[in-house]
Amino acid sequence: MKTIKYLGLVIFLVGLGIFAATPFLGNFKLDQKTFNETISSQGVKSELLIKDLESKLVGKDFSSSTFLAPVLDDAIDKANATHIKNKEWGKKTYASGDNMAAAIRKASSYGFIPENKGTMWFLTFGLGIIGALMFILPNVVLLGKKGIKNDGIYLQSATNRGIIAWLVFFFLVSFYIILYFYSEYAVNWTFLVDPISEALSGNPAGHWFVYGFMYCVVMTVMAVRMYIKYRHNMYQIFRTTSVLFFQIVFAFLIPEIMVRLQMPYYDFKNAFPLDYDFFFQWNLKDLIANGGIGIFILVWGIALTLVIVPIMVYFFGKRWYCSWVCGCGGLAETLGDPYRQHSSKSLFSWKVERWLIHAVLVFAVGMTLMTLYSFFAESSTVLGIKTQTVQNIYSLLIGAIFAGVIGTGFYPIFGNRVWCRFGCPLAAYLGFVQRFKSRFRITTNGGQCISCGNCSTYCEQGIDVRAYAQKGENIVRSSCVGCGVCSAVCPRGVLKLENGPEEGRINPTEVLLGNDVDLMELVNKK
Amino acid sequence: MEHIVIIGNGIAGVTAARHIRKLSDKKITIISAESEYFFSRTALMYVYMGHMKFEHTQPYENWFWKKNRIELVNGYVNNVDHANKKVDLENSSISYDKLIIATGSKPNKFGWPGQDLKGVQGLYSKQDLEQLQQNAPDNKTCKRAVIVGGGLIGIEMAEMLRSRKIPVTFLVRETSFWNGVLPKGESELINEHILDHHIDLRLNTNLVEIIADENGRAKAITTDKGETIACTVVGLTAGVSPNVDFLKDSGIELGRGVKVNRFLETNIKDIYAIGDCAEQHQGIGNRRPIEAVWYTGRMMGETLAQTICGNRIEYKPGHWFNSAKFLDIEYQTYGWVFSERNKQEYEAHFHWRHATENICITIAYHKDTKEFLGINTFGIRMRHEVFNKWLSNKKGLEYVLQHLKDANFDPEFYKQYETEIIARYNAEFSTNLSAKKKSLKRIFNIA
């Protein structure tokens, strides 16, 4: 069994190694015809720019090591400067160098990778999946009897912020940086999943398709790990199945199929303000232009945020979204599960959390109000501030750096819910509902708590669960995503996630059940 | 300002300190030789097993003590001088106005030959944990461990060592694990579970001697069955007793522990004792005079804080309850279920065990009146509040069975067994009961 496990690890690392090397391999040569097509698909109207680029790119063989985006950015800036000077507004180029570079590379690649997509897929994704499963499946036997198996978590490098954890951190952060900021390097990855993308939407894959596909693969493989680790715990099994289903069907398949059916790309479960660009001008225009289905999406999106989400939170707590449906939550609960113990439980972190997450919510709502004002008033500025600039800042800081690079990249160091805890504006909004108007709570079982601290240690949201449990007090916290792990790891059966009457849900106590009735009455003033 | 000095920073002493602070502005000092800050003793096992780091066992952050003006003194109290109202440490002494003794327990040693050899240890204190990490870091250093004493700490220690794949032999004096406390069916379930975990369980076996090697380290033990078992570590887990030796000549009345009345007062004015080290003159209800249980320490602290702050109040614990975990099996108990050995003559049991899973319950009831007396559950979590209410209202056995769904505290989506349990009862007692649907109204006391 152990041999299979370690063989699996080797196979996985080989697959991962090839995947990591792929961006730096491959050949690209741009001929005139491809150049013309790519340039026109990017909406470039400046002859100046086209001529400049033609001389720089056509007929040249550029290996992956040369970096195209800065060359393009340079050329675009130069051409735009001339056009601005000449007041030729129609000739200005709005495409970014990064996107154009990715498009050029996608169109001009030749050689082994684009010609052997299936083989390459197998050598990367295939080996990764096989290796990971070989590593995970033997745990059915190796973990022994069913029950909580956290042995050695703080004795191993990977889960105790050791060198392996830092390597994973480095890998994840690099991956997100390429994905968000250097997409031309992701082009080689897109070839691996082209056949899948073409089968679904009919289009070749872009780097976001790579990400979406990979997201589903990683979640599926790590869900297998969850099923084995928590095989005694039906709550975990149902919940894992649910997040997996919503990721694969709602976040991945349906939007791709909608594109094939000439409908807008839309993830029906992604609620504003997590889906922060829902009200952006281009999206609203796109939806309205799409007629019936577009209007339906518009109404659905608004109803989801204003009606469906809060009502569901009232009945079930925010867990129905954050740990049963949401994609970010889904990755955190599968890939992130081995790192859940790293979220800080200090009071200081809680203070930071409250400031930060509510600031992001204010930012998101403020930006959206500006956007809507701009949309209806047809003005590009609000009080002299450019709406576009605010949107760009949000997209960069919150959408890319916070949610992506930090949110997932920092799993091995700061735990698996950094984004959900400190950044997600939707979580902040649901948190208000959960804290002030909900039937959800984690019930503390009378006087049974022995203050061992398993619950706090494994709370991914950094809630000091024990602080409540040892006082006999129910846990009602806006940040709780209801993952149920505190209850799972409790050795004394103290915690239960449940929905019940609002009355008595928050029950601060001084003296716990089990002590003298008179003393309890005196002190708890019930 | 009145100065309250507390010896011992365990759950009893710390709870007392916290509540005194809530109720008053008195000066509070806690003295401990074991650790700088309060930690949860019950979690030591998880540190060894790698579930947690030691810092996670500390329920309060380090700034908590200063913020709440609870002074922490690191030191060992050698003597209590009640005539001068002071306690003597190694190099200093501290005066008190009121003194609380909360020094807890120490592992029992019964004079076995070799019990003080290297590699022989108990599992109670932070130092014991550190010692075990040295004695048994892995299965290369520790080829085999022998654990002596089949109680809760014994099985925890076995689980700990197994988590590092160390072979364990477990000597249990009784004919079945913990059968002084557990009824037969449950005790058997645990026996089987211990064996399932590849622990070499030796029932009805006593330690005779621990044999030393040339360096004064334990190298083997012999049993009363005439067997010699080679081992590197010997765990002595044959219960605990109050840690009160330092009080021998203090004039404070001692039995096995510090004798206290129902107000937790000792024979000497302004000196109190709480937690594991306190001994009631007479057990309260069915409880023992000394209760080395986490929550009783906490409750005594809660109670004594009232007395110290001017509201003199008797220590009156409510209905008995407790819980434990035997390897993978959670155990809870509410009310009194006695083992065959200690059963009252009016006490009868109804027992149900799942055909394949490690799940069972035992309900104790009064033979004649059918009053519900208590329940033990294994592998099913129960709601404390509901059982507390049923015990206070003296509900009958059949009522409890019919409403068992109300008491279920397992996580959502777990398989429930109330119907099977009642079917078994109906078959045994020729009744025709059925399980009532779970009612939030009943559970949460909504009229």
# chains A, B, ... in the order shown; residues from 1 in each chain; ligands from 1
$ closest_atom_pairs --of "chain A" --to "chain B" --cutoff "7 Å" --atoms "only C-alpha atoms" --output "JSON lines"
{"residue": "A:Gly147", "atom": "CA", "partner": "B:Asp328", "partner_atom": "CA", "distance": 5.4}
{"residue": "A:Asn150", "atom": "CA", "partner": "B:His51", "partner_atom": "CA", "distance": 5.4}
{"residue": "A:Asp151", "atom": "CA", "partner": "B:Met49", "partner_atom": "CA", "distance": 5.3}
{"residue": "A:Gly152", "atom": "CA", "partner": "B:Gly50", "partner_atom": "CA", "distance": 4.1}
{"residue": "A:Ile153", "atom": "CA", "partner": "B:Gly50", "partner_atom": "CA", "distance": 5.3}
{"residue": "A:Tyr154", "atom": "CA", "partner": "B:Gly50", "partner_atom": "CA", "distance": 4.6}
{"residue": "A:Leu155", "atom": "CA", "partner": "B:Gly50", "partner_atom": "CA", "distance": 5.5}
{"residue": "A:Met234", "atom": "CA", "partner": "B:Tyr414", "partner_atom": "CA", "distance": 5.5}
{"residue": "A:Tyr235", "atom": "CA", "partner": "B:Phe413", "partner_atom": "CA", "distance": 5.6}
{"residue": "A:Asn445", "atom": "CA", "partner": "B:His384", "partner_atom": "CA", "distance": 5.8}
{"residue": "A:Gly446", "atom": "CA", "partner": "B:His384", "partner_atom": "CA", "distance": 5.4}
{"residue": "A:Gln448", "atom": "CA", "partner": "B:Asn322", "partner_atom": "CA", "distance": 6.8}
{"residue": "A:Ile450", "atom": "CA", "partner": "B:Trp294", "partner_atom": "CA", "distance": 6.4}
{"residue": "A:Ser451", "atom": "CA", "partner": "B:Ser40", "partner_atom": "CA", "distance": 6.1}
{"residue": "A:Cys452", "atom": "CA", "partner": "B:Ala43", "partner_atom": "CA", "distance": 4.6}
{"residue": "A:Gly453", "atom": "CA", "partner": "B:Thr57", "partner_atom": "CA", "distance": 5.8}
{"residue": "A:Thr457", "atom": "CA", "partner": "B:His56", "partner_atom": "CA", "distance": 6.5}
{"residue": "A:Ala467", "atom": "CA", "partner": "B:Pro59", "partner_atom": "CA", "distance": 7.0}
{"residue": "A:Pro491", "atom": "CA", "partner": "B:Lys325", "partner_atom": "CA", "distance": 6.1}
{"residue": "A:Arg492", "atom": "CA", "partner": "B:Ser323", "partner_atom": "CA", "distance": 5.9}
{"residue": "A:Gly493", "atom": "CA", "partner": "B:Arg381", "partner_atom": "CA", "distance": 5.6}
{"residue": "A:Lys496", "atom": "CA", "partner": "B:Pro411", "partner_atom": "CA", "distance": 5.7}
{"residue": "A:Leu497", "atom": "CA", "partner": "B:Pro411", "partner_atom": "CA", "distance": 6.8}
{"residue": "A:Gly500", "atom": "CA", "partner": "B:Leu440", "partner_atom": "CA", "distance": 6.8}
{"residue": "A:Val511", "atom": "CA", "partner": "B:Glu302", "partner_atom": "CA", "distance": 6.7}
{"residue": "A:Gly514", "atom": "CA", "partner": "B:Gly318", "partner_atom": "CA", "distance": 4.8}
{"residue": "A:Asn515", "atom": "CA", "partner": "B:Pro317", "partner_atom": "CA", "distance": 4.7}
{"residue": "A:Asp516", "atom": "CA", "partner": "B:Lys316", "partner_atom": "CA", "distance": 5.0}
{"residue": "A:Val517", "atom": "CA", "partner": "B:Gly318", "partner_atom": "CA", "distance": 6.9}
$ residues_around --residues "B:Glu192" --least-positions-apart "4" --cutoff "12 Å" --atoms "only C-alpha atoms" --output "PyMOL selection string"
chain B and resi 176-177+185-188+196-201+203+326-327+329+357-358
$ write_last_selection --atoms "C-alpha atoms" --output "mmCIF file, in the first residue's frame"
data_model
loop_
_atom_site.group_PDB
_atom_site.id
_atom_site.type_symbol
_atom_site.label_atom_id
_atom_site.label_comp_id
_atom_site.auth_asym_id
_atom_site.auth_seq_id
_atom_site.Cartn_x
_atom_site.Cartn_y
_atom_site.Cartn_z
ATOM 1 C CA SER B 176 -12.883 -6.679 30.827
ATOM 2 C CA PHE B 177 -11.902 -3.081 30.025
ATOM 3 C CA GLY B 185 -22.012 -5.150 26.785
ATOM 4 C CA GLU B 186 -20.240 -1.829 26.476
ATOM 5 C CA SER B 187 -17.068 -3.010 28.073
ATOM 6 C CA GLU B 188 -16.970 -5.859 25.551
ATOM 7 C CA ASP B 196 -9.084 -3.848 16.225
ATOM 8 C CA HIS B 197 -6.515 -1.119 16.735
ATOM 9 C CA HIS B 198 -3.762 -3.711 16.993
ATOM 10 C CA ILE B 199 -3.228 -3.096 20.682
ATOM 11 C CA ASP B 200 -2.103 -6.215 22.519
ATOM 12 C CA LEU B 201 -4.762 -6.193 25.240
ATOM 13 C CA LEU B 203 -7.118 -8.631 30.453
ATOM 14 C CA PHE B 326 -12.149 5.349 23.317
ATOM 15 C CA LEU B 327 -9.981 5.442 20.188
ATOM 16 C CA ILE B 329 -15.691 5.569 19.726
ATOM 17 C CA GLU B 357 -21.068 -0.707 13.665
ATOM 18 C CA ASN B 358 -19.468 0.287 16.967
#
$ residues_around --residues "stretch 214-224 of chain A" --least-positions-apart "3" --cutoff "10 Å" --atoms "only C-alpha atoms" --output "PyMOL selection string"
chain A and resi 125+128-130+132-133+136-137+193+208-211+227-229+237+240-241+243-245+247-249+251-252+327-328+330-338
$ write_last_selection --atoms "C-alpha atoms" --output "PDB file, in the first residue's frame"
ATOM      1  CA  PHE A 125      -3.367  16.330 -16.307  1.00  0.00           C
ATOM      2  CA  GLY A 128      -1.385  14.301 -12.211  1.00  0.00           C
ATOM      3  CA  ILE A 129      -4.782  12.665 -11.763  1.00  0.00           C
ATOM      4  CA  ILE A 130      -3.473   9.106 -11.798  1.00  0.00           C
ATOM      5  CA  ALA A 132      -2.793  11.852  -7.026  1.00  0.00           C
ATOM      6  CA  LEU A 133      -5.378   9.085  -6.904  1.00  0.00           C
ATOM      7  CA  ILE A 136      -4.930   9.162  -1.992  1.00  0.00           C
ATOM      8  CA  LEU A 137      -6.803   5.883  -2.488  1.00  0.00           C
ATOM      9  CA  VAL A 193      -7.558  21.348 -23.158  1.00  0.00           C
ATOM     10  CA  TRP A 208      -9.610  30.899 -18.255  1.00  0.00           C
ATOM     11  CA  PHE A 209     -10.859  27.640 -19.665  1.00  0.00           C
ATOM     12  CA  VAL A 210      -7.634  25.992 -18.520  1.00  0.00           C
ATOM     13  CA  TYR A 211      -8.268  27.409 -15.079  1.00  0.00           C
ATOM     14  CA  TYR A 227     -14.660  11.167   1.036  1.00  0.00           C
ATOM     15  CA  ILE A 228     -11.993   8.895   2.465  1.00  0.00           C
ATOM     16  CA  LYS A 229     -10.903  11.095   5.311  1.00  0.00           C
ATOM     17  CA  ILE A 237     -19.890  13.592   2.419  1.00  0.00           C
ATOM     18  CA  THR A 240     -18.468  17.692  -0.533  1.00  0.00           C
ATOM     19  CA  THR A 241     -20.771  16.177  -3.147  1.00  0.00           C
ATOM     20  CA  VAL A 243     -19.815  21.753  -3.809  1.00  0.00           C
ATOM     21  CA  LEU A 244     -18.413  19.423  -6.403  1.00  0.00           C
ATOM     22  CA  PHE A 245     -21.717  19.278  -8.253  1.00  0.00           C
ATOM     23  CA  GLN A 247     -18.601  23.600  -9.470  1.00  0.00           C
ATOM     24  CA  ILE A 248     -18.688  21.115 -12.320  1.00  0.00           C
ATOM     25  CA  VAL A 249     -22.246  21.702 -13.503  1.00  0.00           C
ATOM     26  CA  ALA A 251     -19.566  26.990 -12.814  1.00  0.00           C
ATOM     27  CA  PHE A 252     -18.028  24.903 -15.602  1.00  0.00           C
ATOM     28  CA  GLY A 327     -16.708  27.694  -6.064  1.00  0.00           C
ATOM     29  CA  CYS A 328     -14.187  29.519  -3.867  1.00  0.00           C
ATOM     30  CA  GLY A 330     -15.470  24.436  -2.930  1.00  0.00           C
ATOM     31  CA  LEU A 331     -11.763  24.717  -3.629  1.00  0.00           C
ATOM     32  CA  ALA A 332     -11.099  25.693  -0.022  1.00  0.00           C
ATOM     33  CA  GLU A 333     -12.963  22.643   1.234  1.00  0.00           C
ATOM     34  CA  THR A 334     -11.189  20.193  -1.046  1.00  0.00           C
ATOM     35  CA  LEU A 335      -7.727  21.393  -2.047  1.00  0.00           C
ATOM     36  CA  GLY A 336      -7.593  23.558   1.069  1.00  0.00           C
ATOM     37  CA  ASP A 337      -8.680  21.000   3.637  1.00  0.00           C
ATOM     38  CA  PRO A 338      -5.141  19.886   4.539  1.00  0.00           C
TER      39      PRO A 338
END
$ closest_atom_pairs --of "stretch 183-276 of chain A" --to "stretch 354-375 of chain A" --cutoff "10 Å" --atoms "only C-alpha atoms" --output "tab-separated table"
residue	atom	partner	partner_atom	distance
A:Phe272	CA	A:Ala364	CA	9.3
A:Pro273	CA	A:Ala364	CA	6.6
A:Leu274	CA	A:Ala364	CA	8.7
A:Asp275	CA	A:Ala364	CA	9.9
A:Tyr276	CA	A:Ala364	CA	6.8
$ residues_around --residues "stretch 182-184 of chain A" --least-positions-apart "5" --cutoff "9 Å" --atoms "only C-alpha atoms" --output "list in words"
Pro23, Phe67, Leu68, Ala69, Asp98, Asn99, Met100, Ala101, Ala102, Ala103, Ile104, Arg105, Lys106, Ile177 and His207 of chain A
$ residues_around --residues "A:Tyr265" --least-positions-apart "2" --cutoff "8 Å" --atoms "only C-alpha atoms" --output "PyMOL selection string"
chain A and resi 255-256+258-259+263+267
$ write_last_selection --atoms "C-alpha atoms" --output "compact mmCIF listing (two decimals), in the first residue's frame"
# COMPACT_ATOMS: atom_id res chain seq x y z
CA PRO A 255 -21.67 28.45 -19.02
CA GLU A 256 -19.68 26.65 -21.72
CA MET A 258 -24.58 28.36 -23.08
CA VAL A 259 -21.84 29.79 -25.25
CA MET A 263 -26.18 32.60 -25.06
CA ASP A 267 -22.59 31.05 -13.82
$ atom_distance --atom1 "atom CA of B:Lys98" --atom2 "atom CA of B:Asn311"
14.8 Å
$ closest_residue --among "B:Arg18, B:Lys259, B:Arg202, B:Lys143" --to "B:Val172" --atoms "only C-alpha atoms"
B:Arg202
$ residues_around --residues "A:Ala75" --least-positions-apart "6" --cutoff "10 Å" --atoms "only C-alpha atoms" --output "PDB file with C-alpha atoms, in the first residue's frame"
ATOM      1  CA  LEU A  48       0.483  52.866 -37.692  1.00  0.00           C
ATOM      2  CA  LEU A  49       0.397  50.106 -35.111  1.00  0.00           C
ATOM      3  CA  ILE A  50      -0.238  47.376 -37.655  1.00  0.00           C
ATOM      4  CA  ASP A  52       4.951  48.695 -36.682  1.00  0.00           C
ATOM      5  CA  LEU A  53       3.969  45.247 -35.437  1.00  0.00           C
ATOM      6  CA  LYS A  56       8.519  43.440 -35.587  1.00  0.00           C
ATOM      7  CA  ALA A  69       3.580  41.679 -24.018  1.00  0.00           C
ATOM      8  CA  ALA A  81       0.315  58.765 -28.534  1.00  0.00           C
ATOM      9  CA  GLY A  97      -0.534  43.925 -24.771  1.00  0.00           C
TER      10      GLY A  97
END
$ select_by_dssp --residues "stretch 326-410 of chain B" --states "helix (DSSP H, G or I)" --output "list of chain:residue names"
B:His384, B:Glu385, B:Val386, B:Phe387, B:Asn388, B:Lys389, B:Trp390, B:Leu391, B:Ser392, B:Leu397, B:Glu398, B:Tyr399, B:Val400, B:Leu401, B:Gln402, B:Leu404, B:Lys405, B:Asp406, B:Ala407
$ residues_around --residues "B:Val120" --least-positions-apart "5" --cutoff "12 Å" --atoms "only C-alpha atoms" --output "mmCIF file with N, CA and C atoms, in the first residue's frame"
data_model
loop_
_atom_site.group_PDB
_atom_site.id
_atom_site.type_symbol
_atom_site.label_atom_id
_atom_site.label_comp_id
_atom_site.auth_asym_id
_atom_site.auth_seq_id
_atom_site.Cartn_x
_atom_site.Cartn_y
_atom_site.Cartn_z
ATOM 1 N N PRO B 107 -0.289 10.868 39.093
ATOM 2 C CA PRO B 107 -0.540 9.461 38.733
ATOM 3 C C PRO B 107 -0.250 8.538 39.915
ATOM 4 N N LYS B 109 1.097 5.332 41.822
ATOM 5 C CA LYS B 109 2.131 4.292 41.732
ATOM 6 C C LYS B 109 1.900 3.379 42.918
ATOM 7 N N TRP B 112 5.354 -0.729 42.701
ATOM 8 C CA TRP B 112 5.898 -1.793 41.845
ATOM 9 C C TRP B 112 7.415 -1.701 41.832
ATOM 10 N N PRO B 113 8.117 -2.830 41.874
ATOM 11 C CA PRO B 113 9.576 -2.769 41.738
ATOM 12 C C PRO B 113 9.934 -2.180 40.375
ATOM 13 N N GLY B 114 10.805 -1.187 40.384
ATOM 14 C CA GLY B 114 11.245 -0.577 39.124
ATOM 15 C C GLY B 114 10.377 0.565 38.666
ATOM 16 N N GLN B 115 9.428 1.012 39.495
ATOM 17 C CA GLN B 115 8.487 2.040 39.011
ATOM 18 C C GLN B 115 9.145 3.406 38.798
ATOM 19 N N ASP B 128 5.070 15.257 31.683
ATOM 20 C CA ASP B 128 4.891 13.872 31.240
ATOM 21 C C ASP B 128 4.848 13.793 29.720
ATOM 22 N N GLN B 131 8.246 14.206 28.362
ATOM 23 C CA GLN B 131 9.011 12.998 28.606
ATOM 24 C C GLN B 131 8.640 11.903 27.595
ATOM 25 N N LEU B 132 7.366 11.800 27.318
ATOM 26 C CA LEU B 132 6.933 10.767 26.373
ATOM 27 C C LEU B 132 7.476 11.054 24.970
ATOM 28 N N GLN B 134 10.199 12.311 24.360
ATOM 29 C CA GLN B 134 11.597 11.873 24.367
ATOM 30 C C GLN B 134 11.715 10.358 24.407
ATOM 31 N N ASN B 135 10.901 9.752 25.260
ATOM 32 C CA ASN B 135 10.985 8.303 25.435
ATOM 33 C C ASN B 135 10.480 7.534 24.225
ATOM 34 N N ALA B 136 9.477 8.103 23.557
ATOM 35 C CA ALA B 136 8.836 7.352 22.475
ATOM 36 C C ALA B 136 8.596 8.248 21.261
ATOM 37 N N ALA B 145 5.847 -0.508 23.905
ATOM 38 C CA ALA B 145 5.480 0.136 25.164
ATOM 39 C C ALA B 145 4.482 -0.768 25.881
ATOM 40 N N VAL B 146 4.608 -0.815 27.198
ATOM 41 C CA VAL B 146 3.620 -1.542 28.002
ATOM 42 C C VAL B 146 2.870 -0.522 28.836
ATOM 43 N N ILE B 147 1.559 -0.597 28.785
ATOM 44 C CA ILE B 147 0.748 0.318 29.574
ATOM 45 C C ILE B 147 0.068 -0.469 30.679
ATOM 46 N N VAL B 148 0.160 0.077 31.864
ATOM 47 C CA VAL B 148 -0.363 -0.636 33.025
ATOM 48 C C VAL B 148 -1.544 0.124 33.592
ATOM 49 N N GLU B 209 6.734 -6.671 38.021
ATOM 50 C CA GLU B 209 8.023 -6.005 38.181
ATOM 51 C C GLU B 209 8.468 -5.369 36.866
ATOM 52 N N ILE B 210 9.171 -4.254 36.981
ATOM 53 C CA ILE B 210 9.790 -3.648 35.799
ATOM 54 C C ILE B 210 11.285 -3.903 35.899
ATOM 55 N N ILE B 211 11.861 -4.468 34.849
ATOM 56 C CA ILE B 211 13.267 -4.875 34.899
ATOM 57 C C ILE B 211 14.128 -3.822 34.214
ATOM 58 N N ALA B 212 15.270 -3.530 34.839
ATOM 59 C CA ALA B 212 16.150 -2.484 34.318
ATOM 60 C C ALA B 212 17.256 -3.074 33.461
ATOM 61 N N GLY B 216 19.951 1.529 33.829
ATOM 62 C CA GLY B 216 18.847 1.964 34.688
ATOM 63 C C GLY B 216 17.612 2.347 33.901
ATOM 64 N N ARG B 217 17.506 1.836 32.700
ATOM 65 C CA ARG B 217 16.305 2.056 31.887
ATOM 66 C C ARG B 217 15.459 0.801 31.904
ATOM 67 N N ALA B 218 14.155 0.994 31.819
ATOM 68 C CA ALA B 218 13.279 -0.170 31.744
ATOM 69 C C ALA B 218 13.592 -0.923 30.464
ATOM 70 N N LYS B 219 13.689 -2.269 30.571
ATOM 71 C CA LYS B 219 13.901 -3.047 29.349
ATOM 72 C C LYS B 219 12.855 -4.148 29.207
ATOM 73 N N ALA B 220 12.152 -4.450 30.282
ATOM 74 C CA ALA B 220 11.108 -5.473 30.198
ATOM 75 C C ALA B 220 10.229 -5.388 31.432
ATOM 76 N N ILE B 221 9.093 -6.037 31.377
ATOM 77 C CA ILE B 221 8.256 -6.165 32.566
ATOM 78 C C ILE B 221 7.880 -7.642 32.720
ATOM 79 N N CYS B 231 10.306 -4.327 26.537
ATOM 80 C CA CYS B 231 9.711 -3.043 26.151
ATOM 81 C C CYS B 231 10.691 -1.916 26.420
ATOM 82 N N THR B 232 10.425 -0.764 25.859
ATOM 83 C CA THR B 232 11.287 0.399 26.041
ATOM 84 C C THR B 232 10.638 1.417 26.960
ATOM 85 N N VAL B 233 9.317 1.473 26.890
ATOM 86 C CA VAL B 233 8.587 2.453 27.693
ATOM 87 C C VAL B 233 7.506 1.732 28.485
ATOM 88 N N VAL B 234 7.349 2.144 29.752
ATOM 89 C CA VAL B 234 6.256 1.614 30.559
ATOM 90 C C VAL B 234 5.373 2.791 30.981
ATOM 91 N N GLY B 235 4.124 2.740 30.618
ATOM 92 C CA GLY B 235 3.185 3.792 31.008
ATOM 93 C C GLY B 235 2.392 3.348 32.219
ATOM 94 N N LEU B 236 2.476 4.122 33.288
ATOM 95 C CA LEU B 236 1.710 3.788 34.495
ATOM 96 C C LEU B 236 0.443 4.636 34.516
ATOM 97 N N THR B 237 -0.683 4.007 34.277
ATOM 98 C CA THR B 237 -1.924 4.759 34.149
ATOM 99 C C THR B 237 -3.012 4.144 35.021
#
$ atom_distance --atom1 "atom CA of B:Ile28" --atom2 "atom CA of B:Asn78"
19.7 Å
$ select_by_dssp --residues "stretch 102-278 of chain B" --states "strand (DSSP E or B)" --output "MDAnalysis selection string"
chainID B and resid 105:107 118 120:121 145:148 168:171 200:202 207:212 217:223 228:230 233:236 240:242 254 258:260 265 271:273 278
$ atom_distance --atom1 "atom CA of A:Asn270" --atom2 "atom CA of A:Thr305"
9.4 Å
$ closest_residue --among "B:Glu34, B:Asp249, B:Glu156, B:Asp213" --to "B:Asp81" --atoms "only C-alpha atoms"
B:Asp249
$ decode --residues "stretch 237-248 of chain B" --atoms "N, CA and C atoms" --output "PDB file, in the first residue's frame"
ATOM      1  N   THR B 237      -0.683   4.007  34.277  1.00  0.00           N
ATOM      2  CA  THR B 237      -1.924   4.759  34.149  1.00  0.00           C
ATOM      3  C   THR B 237      -3.012   4.144  35.021  1.00  0.00           C
ATOM      4  N   ALA B 238      -2.592   3.732  36.224  1.00  0.00           N
ATOM      5  CA  ALA B 238      -3.548   3.089  37.122  1.00  0.00           C
ATOM      6  C   ALA B 238      -4.240   4.140  37.977  1.00  0.00           C
ATOM      7  N   GLY B 239      -4.848   5.097  37.343  1.00  0.00           N
ATOM      8  CA  GLY B 239      -5.606   6.114  38.066  1.00  0.00           C
ATOM      9  C   GLY B 239      -4.741   7.225  38.621  1.00  0.00           C
ATOM     10  N   VAL B 240      -5.401   8.194  39.226  1.00  0.00           N
ATOM     11  CA  VAL B 240      -4.696   9.330  39.816  1.00  0.00           C
ATOM     12  C   VAL B 240      -5.176   9.517  41.249  1.00  0.00           C
ATOM     13  N   SER B 241      -4.375  10.232  42.032  1.00  0.00           N
ATOM     14  CA  SER B 241      -4.831  10.597  43.372  1.00  0.00           C
ATOM     15  C   SER B 241      -4.443  12.042  43.651  1.00  0.00           C
ATOM     16  N   PRO B 242      -5.109  12.669  44.612  1.00  0.00           N
ATOM     17  CA  PRO B 242      -4.886  14.101  44.855  1.00  0.00           C
ATOM     18  C   PRO B 242      -3.417  14.432  45.127  1.00  0.00           C
ATOM     19  N   ASN B 243      -3.028  15.554  44.586  1.00  0.00           N
ATOM     20  CA  ASN B 243      -1.647  16.008  44.683  1.00  0.00           C
ATOM     21  C   ASN B 243      -1.528  16.922  45.901  1.00  0.00           C
ATOM     22  N   VAL B 244      -1.451  16.305  47.105  1.00  0.00           N
ATOM     23  CA  VAL B 244      -1.534  17.115  48.330  1.00  0.00           C
ATOM     24  C   VAL B 244      -0.404  16.836  49.314  1.00  0.00           C
ATOM     25  N   ASP B 245       0.630  16.141  48.856  1.00  0.00           N
ATOM     26  CA  ASP B 245       1.707  15.771  49.784  1.00  0.00           C
ATOM     27  C   ASP B 245       2.329  16.981  50.479  1.00  0.00           C
ATOM     28  N   PHE B 246       2.402  18.101  49.769  1.00  0.00           N
ATOM     29  CA  PHE B 246       3.055  19.292  50.345  1.00  0.00           C
ATOM     30  C   PHE B 246       2.274  19.862  51.528  1.00  0.00           C
ATOM     31  N   LEU B 247       1.059  19.351  51.751  1.00  0.00           N
ATOM     32  CA  LEU B 247       0.234  19.889  52.831  1.00  0.00           C
ATOM     33  C   LEU B 247       0.280  19.037  54.098  1.00  0.00           C
ATOM     34  N   LYS B 248       1.082  17.964  54.066  1.00  0.00           N
ATOM     35  CA  LYS B 248       1.071  16.973  55.151  1.00  0.00           C
ATOM     36  C   LYS B 248       1.160  17.584  56.547  1.00  0.00           C
TER      37      LYS B 248
END
